[in-house]
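Taking it in order: structure first as structure tokens, then the write-up.
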Amino acid sequence: MENDWTLLPSSPKEIEETRQRCRRLVRRRAAMSAGVAAVPIPGMDVAADLRLFTMLIDDVNREFGLSADQIDRLQPKFRLIAYEAAISIGGMLVGKVITKELVLSLVRRSGVKLLARQATKIVPLAGQAAAAAIGFFAFRQIGYQHVDACAKVAQELLMARA
């Protein structure tokens, strides 16, 4: 099973490179989310955010070698370390099979931002711009938190390997 380590970034430098690459991905997806939020069709942005965020979490987990499938291929000792590290840092989406329900629960946590974004759509043009800005920053913040959680779990696994 030693070759299963090829799933993970194998050095602190690779972890940082993966982290930076994933943060760029978060910004691109946040910009896409903002673009959809600017469209004045109620509810369309929420559906798009759920889809974009689900894909983002899957992509970030995979980049760090922390998708559910990748973690399942680790030796039991390291699998336990990965899950314990994810729990200890609050990375509730690390190594999970991402479902719409799981993403919805995360979105509900930032419900105030979601409500504010919907409310701003009442005011034409300025409201659409505000909704897009709020959406971008909320999406980016949640995405960055997940990237950082994955980087910490990868670091824990790297230290356990040594």
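Chain labels run A, B, ... following the order of the structure tokens; each chain numbers its residues from 1, and ligands are numbered from 1 in the order shown.
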
**Request:** Tell me which protein, DNA and RNA residues are within 10 Å of A:Arg19, counting only C-alpha atoms, leaving out same-chain ones fewer than 4 positions away, and put them as JSON, numbers by chain.
**Result:** {"A": [13, 14, 15, 23, 24, 25, 60, 63, 64, 144, 147, 148, 149, 150, 151, 152]}

**Message:** Let me make sure I understand: among A:Cys22, A:Ala48, A:Met55, A:Ala129, which one has the smallest atom-to-atom distance to A:His146 if we use only C-alpha atoms?
**Reply:**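 Closest to A:His146, using only C-alpha atoms: A:Cys22.
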
**Prompt:** Between atom CA of A:Leu8 and atom CA of A:Leu66, what is the distance, to one decimal in Å?
**Reply:** 7.5 Å

**Prompt:** Expressed in Å to a single decimal, how great is the separation between atom CA of A:Ala138 and atom CA of A:Arg28?
**Reply:** 13.3 Å

**Prompt:** When DSSP works through the backbone of this structure, what residues of stretch 5-70 of chain A end up as alpha helix (DSSP H), shown as an NGL selection string?
**Reply:** :A and (12-37 or 44-63 or 68-70)

**Asked** In Å, with one decimal, what is the gap from atom CA of A:Gln70 to atom CA of A:Gln145?
**Response**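 Computing the Euclidean distance for atom CA of A:Gln70 and atom CA of A:Gln145 yields 20.7 Å.
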
**Request:** Considering only C-alpha atoms, return as a list in words whatever protein or nucleic-acid residues lie within 9 Å of A:Pro12, sequence-local ones (same chain, fewer than 6 positions apart) excluded.
**Result:**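 Contacts, in chain order: Ala154, Gln155 and Leu158 of chain A.
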
**Message:** From the options A:Ala68, A:Glu17, A:Val36, A:Ala31, which residue's atoms come nearest to A:Arg140, counting only C-alpha atoms?
**Reply:** A:Ala31

**Request:** Give the answer as one residue: which of A:Ser67, A:Ala131, A:Arg73, A:Asp58 has the shortest atom-to-atom distance to A:Ile41, using only C-alpha atoms?
**Result:** A:Ala131
